[in-house]
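Have a look at protein_16.csv below; it lists CSV, C-alpha atoms.
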chain,number,residue,atom,x,y,z
A,293,MET,CA,0.0,0.0,0.0
A,294,GLU,CA,1.2,3.5,-0.8
A,295,THR,CA,1.3,5.7,2.3
A,296,LYS,CA,0.7,9.4,1.4
A,297,LYS,CA,2.2,12.2,3.4
A,298,PHE,CA,-0.1,15.1,4.2
A,299,THR,CA,0.4,18.6,5.7
A,300,THR,CA,-2.2,20.4,7.7
A,301,LEU,CA,-3.1,22.7,4.8
A,302,PRO,CA,-6.9,22.6,3.9
A,303,ALA,CA,-6.5,20.7,0.6
A,304,ASP,CA,-4.4,18.0,2.4
A,305,LEU,CA,-6.9,17.7,5.2
A,306,GLN,CA,-9.7,17.3,2.7
A,307,ALA,CA,-7.8,14.6,0.9
A,308,ALA,CA,-7.1,12.8,4.2
A,309,ALA,CA,-10.8,13.1,5.2
A,310,GLN,CA,-11.8,11.5,1.9
A,311,LEU,CA,-9.6,8.5,2.7
A,312,ILE,CA,-11.3,8.2,6.0
A,313,GLN,CA,-14.7,8.3,4.2
A,314,GLN,CA,-13.5,5.5,1.9
A,315,GLY,CA,-12.7,3.2,4.8
A,316,GLN,CA,-9.0,3.8,4.9
A,317,VAL,CA,-6.6,4.4,7.8
A,318,VAL,CA,-4.9,7.8,8.3
A,319,ALA,CA,-2.5,8.7,11.1
A,320,PHE,CA,-3.4,12.0,12.7
A,321,PRO,CA,-1.6,14.4,15.2
A,322,THR,CA,-2.7,15.2,18.7
A,323,GLU,CA,-1.1,17.1,21.6
A,324,THR,CA,-0.2,13.7,23.2
A,325,VAL,CA,0.9,11.2,20.6
A,326,TYR,CA,0.0,10.5,17.0
A,327,GLY,CA,-3.1,8.3,16.5
A,328,LEU,CA,-4.4,5.9,13.8
A,329,GLY,CA,-7.7,7.2,12.5
A,330,ALA,CA,-10.4,5.2,10.8
A,331,ASN,CA,-14.2,5.6,10.7
A,332,ALA,CA,-15.3,4.4,14.1
A,333,LEU,CA,-18.7,3.3,12.7
A,334,ASP,CA,-17.2,1.2,9.9
A,335,GLU,CA,-16.2,-2.3,11.2
A,336,THR,CA,-14.1,-3.1,8.1
A,337,ALA,CA,-12.2,0.2,8.5
A,338,VAL,CA,-11.7,-0.4,12.2
A,339,GLN,CA,-10.3,-3.9,11.5
A,340,LYS,CA,-7.6,-2.3,9.3
A,341,VAL,CA,-6.4,-0.5,12.4
A,342,PHE,CA,-6.0,-3.7,14.4
A,343,THR,CA,-4.2,-5.3,11.4
A,344,ALA,CA,-1.8,-2.3,10.9
A,345,LYS,CA,-0.9,-2.2,14.6
A,346,GLY,CA,-0.8,-6.0,15.3
A,347,ARG,CA,-3.2,-5.1,18.2
A,348,PRO,CA,-4.9,-7.8,20.3
A,349,ALA,CA,-8.7,-7.9,19.5
A,350,ASP,CA,-9.7,-7.5,23.2
A,351,ASN,CA,-7.8,-4.2,23.6
A,352,PRO,CA,-10.5,-1.6,23.1
A,353,LEU,CA,-10.0,1.6,21.0
A,354,ILE,CA,-10.6,5.2,21.9
A,355,ILE,CA,-13.2,7.0,19.9
A,356,THR,CA,-11.9,10.5,18.9
A,357,VAL,CA,-14.4,13.3,18.2
A,358,ASP,CA,-14.5,16.9,17.3
A,359,GLN,CA,-17.5,17.9,19.4
A,360,ILE,CA,-19.5,16.6,22.4
A,361,ASP,CA,-22.6,16.0,20.2
A,362,GLN,CA,-20.8,13.1,18.5
A,363,VAL,CA,-20.4,11.4,21.9
A,364,ALA,CA,-24.1,12.0,22.7
A,365,ASP,CA,-25.0,10.0,19.6
A,366,LEU,CA,-23.1,6.9,20.9
A,367,ALA,CA,-23.0,7.0,24.7
A,368,VAL,CA,-24.9,8.1,27.8
A,369,ILE,CA,-23.4,11.4,29.0
A,370,SER,CA,-24.0,11.9,32.7
A,371,PRO,CA,-23.8,15.3,34.3
A,372,THR,CA,-20.4,14.3,35.7
A,373,ALA,CA,-19.1,13.5,32.3
A,374,ARG,CA,-20.4,16.7,30.8
A,375,GLN,CA,-18.7,18.7,33.5
A,376,LEU,CA,-15.4,17.1,32.7
A,377,MET,CA,-15.9,17.6,29.0
A,378,ASN,CA,-16.7,21.2,29.4
A,379,GLN,CA,-13.6,21.8,31.6
A,380,PHE,CA,-11.0,19.6,30.0
A,381,TRP,CA,-12.0,19.2,26.3
A,382,PRO,CA,-10.3,19.7,24.0
A,383,GLY,CA,-7.4,18.2,25.9
A,384,SER,CA,-5.6,15.2,27.3
A,385,LEU,CA,-8.5,13.5,29.0
A,386,THR,CA,-10.2,10.3,27.7
A,387,ILE,CA,-13.6,9.5,29.3
A,388,ILE,CA,-15.1,6.0,29.6
A,389,LEU,CA,-18.9,6.0,29.3
A,390,PRO,CA,-21.7,3.5,29.0
A,391,ILE,CA,-22.6,3.1,25.3
A,392,GLN,CA,-26.1,3.2,23.8
A,393,ILE,CA,-27.1,-0.3,22.8
A,394,GLY,CA,-26.2,-1.2,19.3
A,395,LYS,CA,-24.5,2.2,18.5
A,396,VAL,CA,-20.8,1.1,18.9
A,397,SER,CA,-19.3,-2.0,17.3
A,398,PRO,CA,-17.9,-4.7,19.8
A,399,LEU,CA,-14.7,-4.5,17.7
A,400,VAL,CA,-14.2,-0.9,19.1
A,401,THR,CA,-15.3,-1.7,22.7
A,402,GLY,CA,-13.6,-5.1,23.0
A,403,GLY,CA,-17.1,-6.5,23.6
A,404,LEU,CA,-17.7,-4.3,26.6
A,405,ASP,CA,-20.8,-2.2,27.2
A,406,THR,CA,-18.5,0.9,27.6
A,407,ALA,CA,-16.4,3.0,25.3
A,408,ALA,CA,-13.7,5.6,25.7
A,409,PHE,CA,-14.0,9.1,24.1
A,410,ARG,CA,-11.6,12.0,23.6
A,411,LEU,CA,-11.6,15.4,21.9
A,412,PRO,CA,-7.9,16.2,21.3
A,413,ASP,CA,-6.4,19.7,21.5
A,414,ASN,CA,-5.3,19.7,17.9
A,415,GLN,CA,-7.0,21.9,15.3
A,416,ALA,CA,-5.9,19.9,12.3
A,417,THR,CA,-7.4,16.7,13.7
A,418,GLN,CA,-10.6,18.4,14.8
A,419,GLU,CA,-10.9,19.6,11.2
A,420,LEU,CA,-10.2,16.2,9.8
A,421,ILE,CA,-13.0,14.7,11.8
A,422,ARG,CA,-15.4,17.5,10.8
A,423,LEU,CA,-14.6,17.0,7.1
A,424,ALA,CA,-14.9,13.2,7.4
A,425,GLY,CA,-18.3,13.6,9.0
A,426,THR,CA,-17.7,10.8,11.5
A,427,PRO,CA,-15.9,10.0,14.8
A,428,ILE,CA,-12.7,8.1,14.3
A,429,VAL,CA,-10.9,5.5,16.4
A,430,GLY,CA,-7.6,6.8,17.7
A,431,PRO,CA,-5.1,4.3,19.1
A,432,SER,CA,-1.5,5.4,19.1
A,433,ALA,CA,0.0,5.1,15.6
A,434,ASN,CA,2.7,2.6,16.4
A,435,THR,CA,3.3,-1.1,16.2
A,436,SER,CA,1.5,-2.6,19.2
A,437,GLY,CA,3.6,-2.7,22.3
A,438,LYS,CA,6.4,-0.4,21.1
A,439,PRO,CA,7.1,3.2,22.1
A,440,SER,CA,4.4,5.6,21.1
A,441,PRO,CA,5.0,8.0,18.1
A,442,THR,CA,5.5,11.7,18.9
A,443,THR,CA,6.5,12.7,15.3
A,444,ALA,CA,5.2,11.8,11.9
A,445,ALA,CA,8.6,10.3,11.2
A,446,HIS,CA,8.0,7.8,14.0
A,447,VAL,CA,4.7,6.9,12.4
A,448,TRP,CA,6.3,6.4,9.0
A,449,HIS,CA,8.9,4.1,10.6
A,450,ASP,CA,6.2,1.8,11.9
A,451,MET,CA,3.3,2.2,9.5
A,452,GLN,CA,4.8,3.0,6.0
A,453,GLY,CA,3.1,0.7,3.6
A,454,LYS,CA,0.4,-0.4,6.1
A,455,ILE,CA,-1.9,2.7,6.1
A,456,ALA,CA,-3.2,5.1,3.5
A,457,GLY,CA,-1.8,8.4,4.9
A,458,ILE,CA,0.0,10.3,7.6
A,459,ILE,CA,-0.8,14.0,8.6
A,460,ASP,CA,2.3,15.7,9.7
A,461,ASP,CA,1.8,18.5,12.3
A,462,GLY,CA,5.3,18.4,13.8
A,463,PRO,CA,6.3,17.0,17.2
A,464,THR,CA,3.6,16.5,19.8
A,465,THR,CA,3.7,18.9,22.8
A,466,VAL,CA,2.7,16.6,25.7
A,467,GLY,CA,4.4,13.4,24.6
A,468,VAL,CA,2.5,10.9,26.7
A,469,GLU,CA,-0.9,9.5,26.2
A,470,SER,CA,-4.0,11.0,27.7
A,471,THR,CA,-5.4,10.4,31.2
A,472,VAL,CA,-8.2,7.9,31.1
A,473,ILE,CA,-11.0,8.2,33.6
A,474,ASP,CA,-13.8,5.6,34.0
A,475,LEU,CA,-17.1,7.2,34.7
A,476,SER,CA,-19.1,4.0,34.2
A,477,ALA,CA,-18.0,2.8,37.7
A,478,SER,CA,-19.6,3.7,41.0
A,479,GLN,CA,-16.8,6.2,41.7
A,480,PRO,CA,-14.7,8.1,39.1
A,481,THR,CA,-11.6,6.0,38.6
A,482,ILE,CA,-8.3,6.8,36.7
A,483,LEU,CA,-7.2,3.8,34.6
A,484,ARG,CA,-4.3,5.5,32.9
A,485,THR,CA,-2.3,8.5,34.1
A,486,GLY,CA,-1.6,11.5,31.8
A,487,ALA,CA,-1.3,15.2,31.7
A,488,VAL,CA,-4.6,15.8,33.5
A,489,MET,CA,-3.9,15.1,37.1
A,490,GLN,CA,-5.9,13.2,39.7
A,491,GLU,CA,-6.0,16.4,41.9
A,492,GLU,CA,-7.5,18.4,39.0
A,493,LEU,CA,-10.2,15.9,38.4
A,494,SER,CA,-11.1,15.6,42.1
A,495,GLN,CA,-11.3,19.4,42.3
A,496,ALA,CA,-13.4,19.7,39.2
A,497,LEU,CA,-15.9,17.1,40.4
A,498,GLY,CA,-15.9,18.1,44.0
A,499,GLN,CA,-15.4,14.5,45.0
A,500,SER,CA,-12.6,11.9,45.4
A,501,VAL,CA,-11.3,10.4,42.2
A,502,ILE,CA,-9.6,7.0,42.6
A,503,ASP,CA,-6.2,6.3,40.9
A,504,ALA,CA,-6.3,2.6,40.1
A,505,THR,CA,-3.3,2.6,37.8
A,506,SER,CA,-1.1,0.6,40.1
A,507,THR,CA,-3.7,-1.7,41.6
A,508,LYS,CA,-6.0,-2.6,38.6
A,509,ALA,CA,-4.7,-6.1,37.7
A,510,ILE,CA,-6.2,-7.6,34.5
A,511,ALA,CA,-6.5,-11.4,34.2
A,512,ASP,CA,-5.7,-13.2,31.0
A,513,ASN,CA,-9.4,-13.9,30.4
A,514,GLN,CA,-10.5,-10.3,31.1
A,515,THR,CA,-10.9,-7.4,28.6
A,516,PRO,CA,-9.3,-4.2,29.8
A,517,LYS,CA,-11.5,-1.1,29.8
A,518,ALA,CA,-8.6,1.2,28.7
A,519,PRO,CA,-5.5,0.8,26.6
A,520,GLY,CA,-2.2,0.1,28.4
A,521,MET,CA,-3.8,-2.0,31.2
A,522,LYS,CA,-3.2,-5.5,30.1
A,523,TYR,CA,-0.6,-5.9,27.4
A,524,ARG,CA,3.1,-5.0,27.1
A,525,HIS,CA,3.3,-1.3,26.1
A,526,TYR,CA,5.8,1.4,25.2
A,527,ALA,CA,8.8,-1.0,25.1
A,528,PRO,CA,11.7,-0.9,22.6
A,529,ASP,CA,13.5,-4.2,21.7
A,530,LYS,CA,16.6,-3.0,23.6
A,531,PRO,CA,16.5,-3.6,27.3
A,532,VAL,CA,15.5,-0.5,29.3
A,533,VAL,CA,16.6,0.1,32.9
A,534,MET,CA,15.3,2.9,35.2
A,535,PHE,CA,17.7,4.7,37.6
A,536,ASP,CA,17.3,7.1,40.5
A,537,PRO,CA,19.2,10.4,40.1
A,538,LEU,CA,20.5,9.8,43.6
A,539,ASP,CA,22.5,6.9,42.2
A,540,ILE,CA,24.1,8.9,39.4
A,541,ALA,CA,27.7,8.5,40.6
A,542,GLU,CA,27.3,4.7,40.9
A,543,LEU,CA,25.7,4.6,37.4
A,544,LYS,CA,28.6,6.5,35.9
A,545,LEU,CA,31.0,3.8,37.2
A,546,ALA,CA,28.8,0.9,36.0
A,547,LEU,CA,28.1,2.2,32.4
A,548,LYS,CA,29.7,0.3,29.5
A,549,PRO,CA,30.6,1.8,26.1
A,550,ALA,CA,27.5,0.3,24.5
A,551,ASP,CA,25.2,1.7,27.2
A,552,VAL,CA,23.2,4.9,26.6
A,553,VAL,CA,21.4,7.3,28.9
A,554,LEU,CA,18.2,9.3,28.8
A,555,ALA,CA,18.3,11.9,31.5
A,556,LEU,CA,17.8,15.6,32.5
A,557,GLU,CA,20.6,18.0,31.7
A,558,GLU,CA,21.7,18.1,35.3
A,559,GLU,CA,22.4,14.4,35.4
A,560,LEU,CA,24.0,14.4,31.9
A,561,ALA,CA,26.4,17.0,33.1
A,562,ILE,CA,27.5,14.8,35.9
A,563,LEU,CA,27.9,11.7,33.7
A,564,ALA,CA,30.0,13.7,31.1
A,565,LEU,CA,29.4,11.0,28.5
A,566,PRO,CA,30.1,11.3,24.7
A,567,GLY,CA,27.2,12.8,22.9
A,568,GLN,CA,26.4,9.6,21.0
A,569,GLN,CA,25.7,7.9,24.4
A,570,THR,CA,23.1,10.4,25.6
A,571,TRP,CA,19.6,11.8,24.9
A,572,SER,CA,18.6,14.9,26.8
A,573,LEU,CA,15.3,15.0,28.6
A,574,GLY,CA,15.7,18.7,29.0
A,575,SER,CA,15.5,20.6,32.2
A,576,SER,CA,11.9,19.9,33.4
A,577,ILE,CA,9.3,17.2,33.5
A,578,MET,CA,7.5,18.8,30.7
A,579,ASN,CA,10.6,18.5,28.5
A,580,ALA,CA,11.1,14.9,29.7
A,581,SER,CA,7.6,13.8,28.8
A,582,GLU,CA,8.0,15.3,25.3
A,583,GLN,CA,11.3,13.5,24.8
A,584,LEU,CA,10.9,10.0,26.4
A,585,PHE,CA,9.4,8.1,23.5
A,586,ALA,CA,11.6,9.9,20.9
A,587,GLY,CA,14.7,8.9,22.9
A,588,LEU,CA,13.7,5.3,23.3
A,589,ARG,CA,13.0,5.1,19.6
A,590,TYR,CA,16.3,6.7,18.6
A,591,PHE,CA,18.4,4.3,20.6
A,592,ASP,CA,16.3,1.3,19.7
A,593,ASP,CA,17.2,1.8,16.1
A,594,ARG,CA,21.0,1.8,16.7
A,595,ASP,CA,22.7,-1.6,16.4
A,596,ASN,CA,25.6,-0.7,18.7
A,597,VAL,CA,23.4,0.0,21.7
A,598,GLN,CA,23.3,-2.6,24.5
A,599,THR,CA,21.2,-1.1,27.3
A,600,ILE,CA,19.1,2.1,27.6
A,601,TYR,CA,19.2,3.7,31.0
A,602,VAL,CA,16.5,6.3,31.8
A,603,GLU,CA,16.2,8.6,34.7
A,604,ARG,CA,13.1,8.2,36.8
A,605,MET,CA,11.2,11.4,37.7
A,606,PRO,CA,9.8,12.6,41.1
A,607,GLU,CA,6.4,10.8,41.6
A,608,MET,CA,4.3,14.0,41.4
A,609,GLY,CA,2.3,15.7,38.7
A,610,LEU,CA,3.2,14.8,35.2
A,611,GLY,CA,6.1,12.7,36.7
A,612,ARG,CA,3.5,10.1,37.5
A,613,ALA,CA,2.6,9.6,33.9
A,614,PHE,CA,6.2,9.7,32.8
A,615,ASN,CA,7.1,7.0,35.4
A,616,ASN,CA,4.1,4.9,34.4
A,617,ARG,CA,5.2,4.7,30.8
A,618,LEU,CA,8.9,4.3,31.8
A,619,SER,CA,8.1,1.4,34.2
A,620,LYS,CA,6.2,-0.4,31.5
A,621,ALA,CA,9.0,0.2,28.9
A,622,ALA,CA,11.5,-1.2,31.4
A,623,GLY,CA,9.5,-4.0,32.7
A,624,ASN,CA,10.0,-2.5,36.2
A,625,GLN,CA,13.8,-3.1,35.9
A,626,PHE,CA,15.8,-0.8,38.2
A,627,PHE,CA,19.5,0.0,38.3
A,628,ILE,CA,20.7,-1.2,41.8
A,629,PRO,CA,24.1,0.1,42.9
A,630,LYS,CA,26.6,-2.5,44.2
A,631,GLU,CA,27.2,-2.4,47.9
A,632,GLY,CA,30.6,-1.3,49.0
Target format structure tokens, applied to this file:
Amino acid sequence: METKKFTTLPADLQAAAQLIQQGQVVAFPTETVYGLGANALDETAVQKVFTAKGRPADNPLIITVDQIDQVADLAVISPTARQLMNQFWPGSLTIILPIQIGKVSPLVTGGLDTAAFRLPDNQATQELIRLAGTPIVGPSANTSGKPSPTTAAHVWHDMQGKIAGIIDDGPTTVGVESTVIDLSASQPTILRTGAVMQEELSQALGQSVIDATSTKAIADNQTPKAPGMKYRHYAPDKPVVMFDPLDIAELKLALKPADVVLALEEELAILALPGQQTWSLGSSIMNASEQLFAGLRYFDDRDNVQTIYVERMPEMGLGRAFNNRLSKAAGNQFFIPKEG
């Protein structure tokens, strides 16, 4: 299949929307990561997304919309849900809602009676959906299980020849996937961390919001409500090891010539490694979240790299989402300094 490259100019967005209308798959930009778009109401088109990604069939897809009315056509919007939509959309928040019977394919929901919805903060994608005249599914535009794509080049690397087109809107600004909140449960529950924080959601709703990201175990015979809960995610082929910045001196002594490091500028200055062994995560957690997947992808494509060491961030704010993705990429492997 020929994969066309599109800009965000009106003529290109119109051409991309026509491909969506024809049942094809087009990668689209958001503020979080790039997504794979197909008509959410066309089962044949949705199946092409699973095929392109190599995604398990019981891993539900997020439905991406350009207005709240599109959600109302498919799901039951509670006052709580509308409150969050009004406050955080467009933005990095995905909301799980009960679906209206017969309105959403089981292929999209994983056979559940709920579906996840998001309105991304990207004008080009909002226009794409408007022009296509349909909500679109929107999983990350990468091979299933691998680091998410934060540039169109990342999408091209994984999806060239597998999808009909890619809309290039430059690097994403958040760099980690959206927060997922389940409003179909008895109490609002976060199933995936992201840029919208637990504290913000609790304050907006005036009630406690549960964070179940570290306690929600999914059995082999269960279908997860949200992406990233059950299957291996965000992981390059090269081994990834997390390290605490307090252990930077010990890490410096332990590193081998084929090892590489992703870290904040302060830690990189201490390590004083050759440039080819480092990837800067910048000077803040905002920079770090933007750069994590790009750094993992860069070193994963280099044959001479043995192990990728990545600095773990303070467990607060956006650092929680960063650490969540990093822990999955590393399989919870930590650098442990040798005693003595």
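The protein and nucleic acid residues lying at most 7 Å from region 356-373 of chain A are Leu389, Pro390, Ile391, Gln392, Lys395, Val396, Phe409, Arg410, Leu411, Gln418, Ile421, Arg422, Pro427, Ile428, Val429 and Gly430 of chain A, with all atoms listed in the file considered and sequence neighbours fewer than 6 positions away removed.
Closest approach to Pro549 (chain A) from the set A:Leu475, A:Ile458, A:Ala518, A:Ile600 is made by A:Ile600, with distances taken over only C-alpha atoms.
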Please list as a PyMOL selection string every residue within 12 Å of Ser494 (chain A), counting all atoms listed in the file and excluding residues in the same chain fewer than 4 positions away.
chain A and resi 372+375-376+473+479-482+488-490+498-503
Within 12 Å of Ala424 (chain A), counting all atoms listed in the file, which residues qualify if same-chain residues fewer than 5 places away don't, as a list of chain:residue names?
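Here the answer would be A:Leu305, A:Gln306, A:Ala307, A:Ala308, A:Ala309, A:Gln310, A:Leu311, A:Ile312, A:Gln313, A:Gln314, A:Gly315, A:Gln316, A:Val318, A:Gly329, A:Ala330, A:Asn331, A:Ala332, A:Leu333, A:Val357, A:Asp358, A:Thr417, A:Gln418, A:Glu419.
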Please produce a file of those selected residues containing C-alpha atoms, as a compact mmCIF listing (two decimals), keeping the file's coordinate frame.
# COMPACT_ATOMS: atom_id res chain seq x y z
CA LEU A 305 -6.90 17.70 5.20
CA GLN A 306 -9.70 17.30 2.70
CA ALA A 307 -7.80 14.60 0.90
CA ALA A 308 -7.10 12.80 4.20
CA ALA A 309 -10.80 13.10 5.20
CA GLN A 310 -11.80 11.50 1.90
CA LEU A 311 -9.60 8.50 2.70
CA ILE A 312 -11.30 8.20 6.00
CA GLN A 313 -14.70 8.30 4.20
CA GLN A 314 -13.50 5.50 1.90
CA GLY A 315 -12.70 3.20 4.80
CA GLN A 316 -9.00 3.80 4.90
CA VAL A 318 -4.90 7.80 8.30
CA GLY A 329 -7.70 7.20 12.50
CA ALA A 330 -10.40 5.20 10.80
CA ASN A 331 -14.20 5.60 10.70
CA ALA A 332 -15.30 4.40 14.10
CA LEU A 333 -18.70 3.30 12.70
CA VAL A 357 -14.40 13.30 18.20
CA ASP A 358 -14.50 16.90 17.30
CA THR A 417 -7.40 16.70 13.70
CA GLN A 418 -10.60 18.40 14.80
CA GLU A 419 -10.90 19.60 11.20
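Here CA of Ala445 (chain A) stands at a distance of 27.8 Å from CA of Glu335 (chain A).
Comparing the minimum interatomic distances between Thr343 (chain A) and each of A:Thr435, A:Phe320, A:Lys296, A:Val400, counting only C-alpha atoms, we find that A:Thr435 sits nearest.
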Quick one: residues within 10 Å of Thr401 (chain A), only C-alpha atoms counted, chain neighbours fewer than 4 positions away excluded, as a list in words?
Ala349, Asp350, Asn351, Pro352, Leu353, Ile354, Ile355, Ile391, Val396, Ser397, Asp405, Thr406, Ala407, Ala408, Thr515, Pro516, Lys517 and Ala518 of chain A
So which one's closest to Glu631 (chain A), A:Arg589, A:Phe298, A:Lys438, A:Asp539? Using only C-alpha atoms, please.
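When distances to Glu631 (chain A) are compared using only C-alpha atoms, the smallest one comes from A:Asp539.
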Take the point (8.1, 3.9, 26.8) in the file's coordinates, draw a sphere of radius 6 Å around it, and report as a PyMOL selection string every protein, DNA or RNA residue with an atom inside or on it, counting all atoms listed in the file.
chain A and resi 439+526-527+585+617-618+621
Determine, counting all atoms listed in the file, which protein, DNA and RNA residues have an atom within 9 Å of an atom of Ile577 (chain A); residues of the same chain fewer than 4 positions away are not included. Present the result as a list in words.
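In the requested form, the answer reads Leu556, Leu573, Ser581, Glu582, Met605, Pro606, Gly609, Leu610, Gly611 and Phe614 of chain A.
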For region 359-377 of chain A, supply N, CA and C atoms and report the output as a short mmCIF file (atom, residue, chain, number, x, y, z; two decimals), in the coordinates of the input.
data_model
loop_
_atom_site.label_atom_id
_atom_site.label_comp_id
_atom_site.auth_asym_id
_atom_site.auth_seq_id
_atom_site.Cartn_x
_atom_site.Cartn_y
_atom_site.Cartn_z
N GLN A 359 -16.52 17.15 18.60
CA GLN A 359 -17.50 17.90 19.40
C GLN A 359 -18.27 16.92 20.29
N ILE A 360 -18.81 17.45 21.35
CA ILE A 360 -19.50 16.60 22.40
C ILE A 360 -20.72 15.93 21.77
N ASP A 361 -21.37 16.57 20.82
CA ASP A 361 -22.60 16.00 20.20
C ASP A 361 -22.30 14.62 19.61
N GLN A 362 -21.09 14.40 19.10
CA GLN A 362 -20.80 13.10 18.50
C GLN A 362 -20.76 12.01 19.59
N VAL A 363 -20.37 12.38 20.81
CA VAL A 363 -20.40 11.40 21.90
C VAL A 363 -21.85 11.11 22.29
N ALA A 364 -22.68 12.13 22.32
CA ALA A 364 -24.10 12.00 22.70
C ALA A 364 -24.82 11.01 21.76
N ASP A 365 -24.36 10.90 20.52
CA ASP A 365 -25.00 10.00 19.60
C ASP A 365 -24.67 8.52 19.88
N LEU A 366 -23.61 8.28 20.66
CA LEU A 366 -23.10 6.90 20.90
C LEU A 366 -23.18 6.44 22.31
N ALA A 367 -23.14 7.37 23.26
CA ALA A 367 -23.00 7.00 24.70
C ALA A 367 -23.96 7.78 25.54
N VAL A 368 -24.04 7.37 26.80
CA VAL A 368 -24.90 8.10 27.80
C VAL A 368 -23.97 9.05 28.54
N ILE A 369 -24.23 10.34 28.38
CA ILE A 369 -23.40 11.40 29.00
C ILE A 369 -24.06 11.81 30.32
N SER A 370 -23.45 11.48 31.42
CA SER A 370 -24.00 11.90 32.70
C SER A 370 -23.59 13.34 32.99
N PRO A 371 -24.22 13.98 33.96
CA PRO A 371 -23.80 15.30 34.30
C PRO A 371 -22.34 15.43 34.72
N THR A 372 -21.83 14.39 35.38
CA THR A 372 -20.40 14.30 35.70
C THR A 372 -19.53 14.35 34.51
N ALA A 373 -19.90 13.53 33.53
CA ALA A 373 -19.10 13.50 32.30
C ALA A 373 -19.15 14.80 31.55
N ARG A 374 -20.33 15.42 31.47
CA ARG A 374 -20.40 16.70 30.80
C ARG A 374 -19.60 17.77 31.47
N GLN A 375 -19.54 17.71 32.78
CA GLN A 375 -18.70 18.70 33.50
C GLN A 375 -17.26 18.55 33.17
N LEU A 376 -16.78 17.32 33.08
CA LEU A 376 -15.40 17.10 32.70
C LEU A 376 -15.11 17.50 31.26
N MET A 377 -16.04 17.19 30.38
CA MET A 377 -15.90 17.60 29.00
C MET A 377 -15.81 19.08 28.83
#
